[in-house]
2 protein chains.
Amino acid sequence: MTPRNKELNEKVKDERREQILSNSLRLFAKKGLAATKITDISKATGISQGLLYHYYKSKDEIFIELLREGYNKMIEAALGLESLPLTPLEKIKMAIEKLLQGFEENKDTAYYYLLINQASIFEAIPDEAKEIVKSRSLLHEVITRIITAGQKDGTFKNYDPKDMAVVFWTSLNGLAIYNAIQGEDFKPPDANILIGIFIED
Amino acid sequence: MTPRNKELNEKVKDERREQILSNSLRLFAKKGLAATKITDISKATGISQGLLYHYYKSKDEIFIELLREGYNKMIEAALGLESLPLTPLEKIKMAIEKLLQGFEENKDTAYYYLLINQASIFEAIPDEAKEIVKSRSLLHEVITRIITAGQKDGTFKNYDPKDMAVVFWTSLNGLAIYNAIQGEDFKPPDANILIGIFIED
DNA sequence: GTCTATATCCAGATAGAC
DNA sequence: GTCTATCTGGATATAGAC
């Protein structure tokens, strides 16, 4: 086998792994880890159940990889947002709008939220998954910093910034769930309603 | 067997059923329907696995009964709130405070939320459970009516009342989830933060 | 009513042929 | 790489003894 073919094969393998991940994300989000059968995933991907083990060594491994992926995306987005040359208010507005828009345009965004929720709430998930969700506090910290800055410059209300960050995240999480439940019927609420948490308008 | 004994036996049976329900609620909320094994429930209740089938004919039946119970409690609470002789603002304040307080004092309140979420999100739940969660819209309608009244009397902001009801419910739902995740560490955020969704303060 | 034993089924994972 | 066949374990539900 020439190096060229080797490279091509690797690419094909990666693509197949991508397909598996993508199908698993939807299934895990809509059925939950325990209720999603390995055959559900193989059927959705159009391969035999045995072949799936050629790409991943267990159902848990797929779940963990997706969870890690989801977390990384969120943390990157949060840190990216924080570093933009914007006022705190503009940052919060942008976060809310981007997320609501993301929910509407691409179901994957909301699916990742559902995965993280599962991993956070449920006890019966792999240890490695539990480890990943512990980093949740990082996201709270980013938002808390932005809120504190917004209070310093006088634009934000003066409640405990940690409380405000909790309300911020739990509200968006609640909306992600609502979006997943509504499916195609989802219509995002006016972003200004949520911004009322932070400022007088 | 005298009627007196019959009555007593019925009572004992009801109590045992109550214990099973109570343990199942916690387990279903924390592990999910699919990952909760019938032996988990019997162990928690301190009875043999076989005996459980004397009280309920399947795991699904227990789940459905709990779901129905949770819904009835919420709808009763919502309708009760609506009929109180209070202003719309007072009603909303009361709803938020009572719920946050309920989350803190009694984990069952949040567990019911988690059950309803599972039933709403997951596809792999019994048909009868799906039917129950369809009545969710009733709760939205009650809050929408209160919001509309608050807009008429000029105290509430003038966004689409349906959007505001969505934000209201999804926020509280998000907080219920957060509470369940935090467990004993849960400290409810200042209720006034949420009230900022509705009014200028 | 309560338990232990067991029938039945199904799912995760592996083995081996092509 | 891909499939079919199979092993193994575990979970639901039932049966039957006490």
# chains A, B, ... in the order shown; residues from 1 in each chain; ligands from 1
call {"tool": "residues_around", "arguments": {"residues": "C:DT2", "least_positions_apart": "2", "cutoff": "12 Å", "atoms": "only C-alpha atoms (C1' of nucleotides)", "output": "ChimeraX atom specification"}}
result
/B:46-54 /C:4 /D:17-18
call {"tool": "closest_atom_pairs", "arguments": {"of": "stretch 60-178 of chain B", "to": "stretch 178-189 of chain A", "cutoff": "10 Å", "atoms": "only C-alpha atoms", "output": "Markdown table"}}
result
| residue | atom | partner | partner_atom | distance |
| --- | --- | --- | --- | --- |
| B:Asn117 | CA | A:Ile181 | CA | 8.9 |
| B:Ala119 | CA | A:Ile181 | CA | 9.9 |
| B:Ser120 | CA | A:Ile181 | CA | 6.2 |
| B:Ile121 | CA | A:Ile181 | CA | 5.4 |
| B:Phe122 | CA | A:Ile181 | CA | 8.7 |
| B:Tyr159 | CA | A:Pro189 | CA | 9.4 |
| B:Asp160 | CA | A:Pro189 | CA | 8.4 |
| B:Lys162 | CA | A:Pro189 | CA | 8.5 |
| B:Asp163 | CA | A:Pro189 | CA | 4.9 |
| B:Met164 | CA | A:Pro189 | CA | 7.5 |
| B:Ala165 | CA | A:Pro189 | CA | 9.5 |
| B:Val166 | CA | A:Pro189 | CA | 7.4 |
| B:Val167 | CA | A:Pro189 | CA | 7.3 |
| B:Trp169 | CA | A:Tyr178 | CA | 9.3 |
| B:Thr170 | CA | A:Tyr178 | CA | 6.8 |
| B:Asn173 | CA | A:Tyr178 | CA | 9.5 |
| B:Gly174 | CA | A:Tyr178 | CA | 10.0 |
call {"tool": "residues_around", "arguments": {"residues": "C:DC18", "least_positions_apart": "3", "cutoff": "12 Å", "atoms": "only C-alpha atoms (C1' of nucleotides)", "output": "PyMOL selection string"}}
result
chain D and resi 1-4
call {"tool": "interface_residues", "arguments": {"of": "chain C", "to": "chain A", "cutoff": "12 Å", "atoms": "only C-alpha atoms (C1' of nucleotides)", "output": "tab-separated table (two decimals) with C-alpha atoms (C1' of nucleotides), in the first residue's frame"}}
result
chain	number	residue	atom	x	y	z
C	10	DC	C1'	-32.47	-8.60	24.43
C	11	DA	C1'	-28.29	-5.97	24.12
C	12	DG	C1'	-23.23	-5.33	24.17
C	13	DA	C1'	-19.34	-7.12	22.56
C	14	DT	C1'	-16.37	-10.68	20.13
C	15	DA	C1'	-14.93	-14.18	16.59
C	16	DG	C1'	-14.27	-15.65	12.34
call {"tool": "select_by_dssp", "arguments": {"residues": "stretch 17-106 of chain B", "states": "alpha helix (DSSP H)", "output": "ChimeraX atom specification"}}
result
/B:17-31,38-45,49-55,59-83,88-105
call {"tool": "closest_residue", "arguments": {"among": "B:Tyr56, B:Tyr112, B:Tyr71, B:Phe168", "to": "chain A", "atoms": "only C-alpha atoms"}}
result
B:Phe168
call {"tool": "closest_residue", "arguments": {"among": "B:Ala191, B:Arg26, B:Ala35, B:Ile143", "to": "chain A", "atoms": "only C-alpha atoms"}}
result
B:Ala35
call {"tool": "residues_around", "arguments": {"residues": "B:Ala149", "least_positions_apart": "4", "cutoff": "7 Å", "atoms": "only C-alpha atoms (C1' of nucleotides)", "output": "compact mmCIF listing (two decimals) with N, CA and C atoms, in the first residue's frame"}}
result
# COMPACT_ATOMS: atom_id res chain seq x y z
N PRO B 88 -51.42 40.79 38.92
CA PRO B 88 -50.59 39.92 38.09
C PRO B 88 -49.14 39.88 38.57
N ARG B 145 -52.03 34.11 30.33
CA ARG B 145 -53.18 34.94 30.76
C ARG B 145 -52.76 35.94 31.83
N ASP B 153 -52.76 46.18 32.73
CA ASP B 153 -52.76 47.15 33.84
C ASP B 153 -51.46 47.98 33.87
call {"tool": "closest_residue", "arguments": {"among": "A:Gln118, A:Ser135, A:Asn23, A:Thr87", "to": "A:Gly150", "atoms": "only C-alpha atoms"}}
result
A:Thr87
call {"tool": "closest_residue", "arguments": {"among": "A:Leu33, A:Gly102, A:Tyr55, A:Thr148", "to": "chain D", "atoms": "only C-alpha atoms (C1' of nucleotides)"}}
result
A:Tyr55
call {"tool": "interface_residues", "arguments": {"of": "chain D", "to": "chain B", "cutoff": "9 Å", "atoms": "only C-alpha atoms (C1' of nucleotides)", "output": "PyMOL selection string"}}
result
chain D and resi 11-14
call {"tool": "write_last_selection", "arguments": {"atoms": "C-alpha atoms (C1' of nucleotides)", "output": "mmCIF file, in the first residue's frame"}}
result
data_model
loop_
_atom_site.group_PDB
_atom_site.id
_atom_site.type_symbol
_atom_site.label_atom_id
_atom_site.label_comp_id
_atom_site.auth_asym_id
_atom_site.auth_seq_id
_atom_site.Cartn_x
_atom_site.Cartn_y
_atom_site.Cartn_z
ATOM 1 C "C1'" DA D 11 -32.867 -7.317 33.097
ATOM 2 C "C1'" DT D 12 -37.961 -7.988 32.963
ATOM 3 C "C1'" DA D 13 -41.384 -10.605 34.248
ATOM 4 C "C1'" DT D 14 -43.496 -15.023 35.910
#
call {"tool": "decode", "arguments": {"residues": "chain D", "atoms": "C-alpha atoms (C1' of nucleotides)", "output": "CSV table (one decimal), in the first residue's frame"}}
result
chain,number,residue,atom,x,y,z
D,1,DG,C1',-13.4,-3.3,5.9
D,2,DT,C1',-17.4,-5.6,6.2
D,3,DC,C1',-20.6,-9.0,7.3
D,4,DT,C1',-23.0,-12.9,9.9
D,5,DA,C1',-23.0,-15.8,13.7
D,6,DT,C1',-22.3,-16.4,18.4
D,7,DC,C1',-21.0,-15.8,23.3
D,8,DT,C1',-22.2,-13.8,27.5
D,9,DG,C1',-24.4,-11.1,30.8
D,10,DG,C1',-28.0,-8.8,32.6
D,11,DA,C1',-32.9,-7.3,33.1
D,12,DT,C1',-38.0,-8.0,33.0
D,13,DA,C1',-41.4,-10.6,34.2
D,14,DT,C1',-43.5,-15.0,35.9
D,15,DA,C1',-44.0,-19.3,38.7
D,16,DG,C1',-44.3,-21.6,42.6
D,17,DA,C1',-43.0,-22.6,47.4
D,18,DC,C1',-43.8,-20.9,52.1
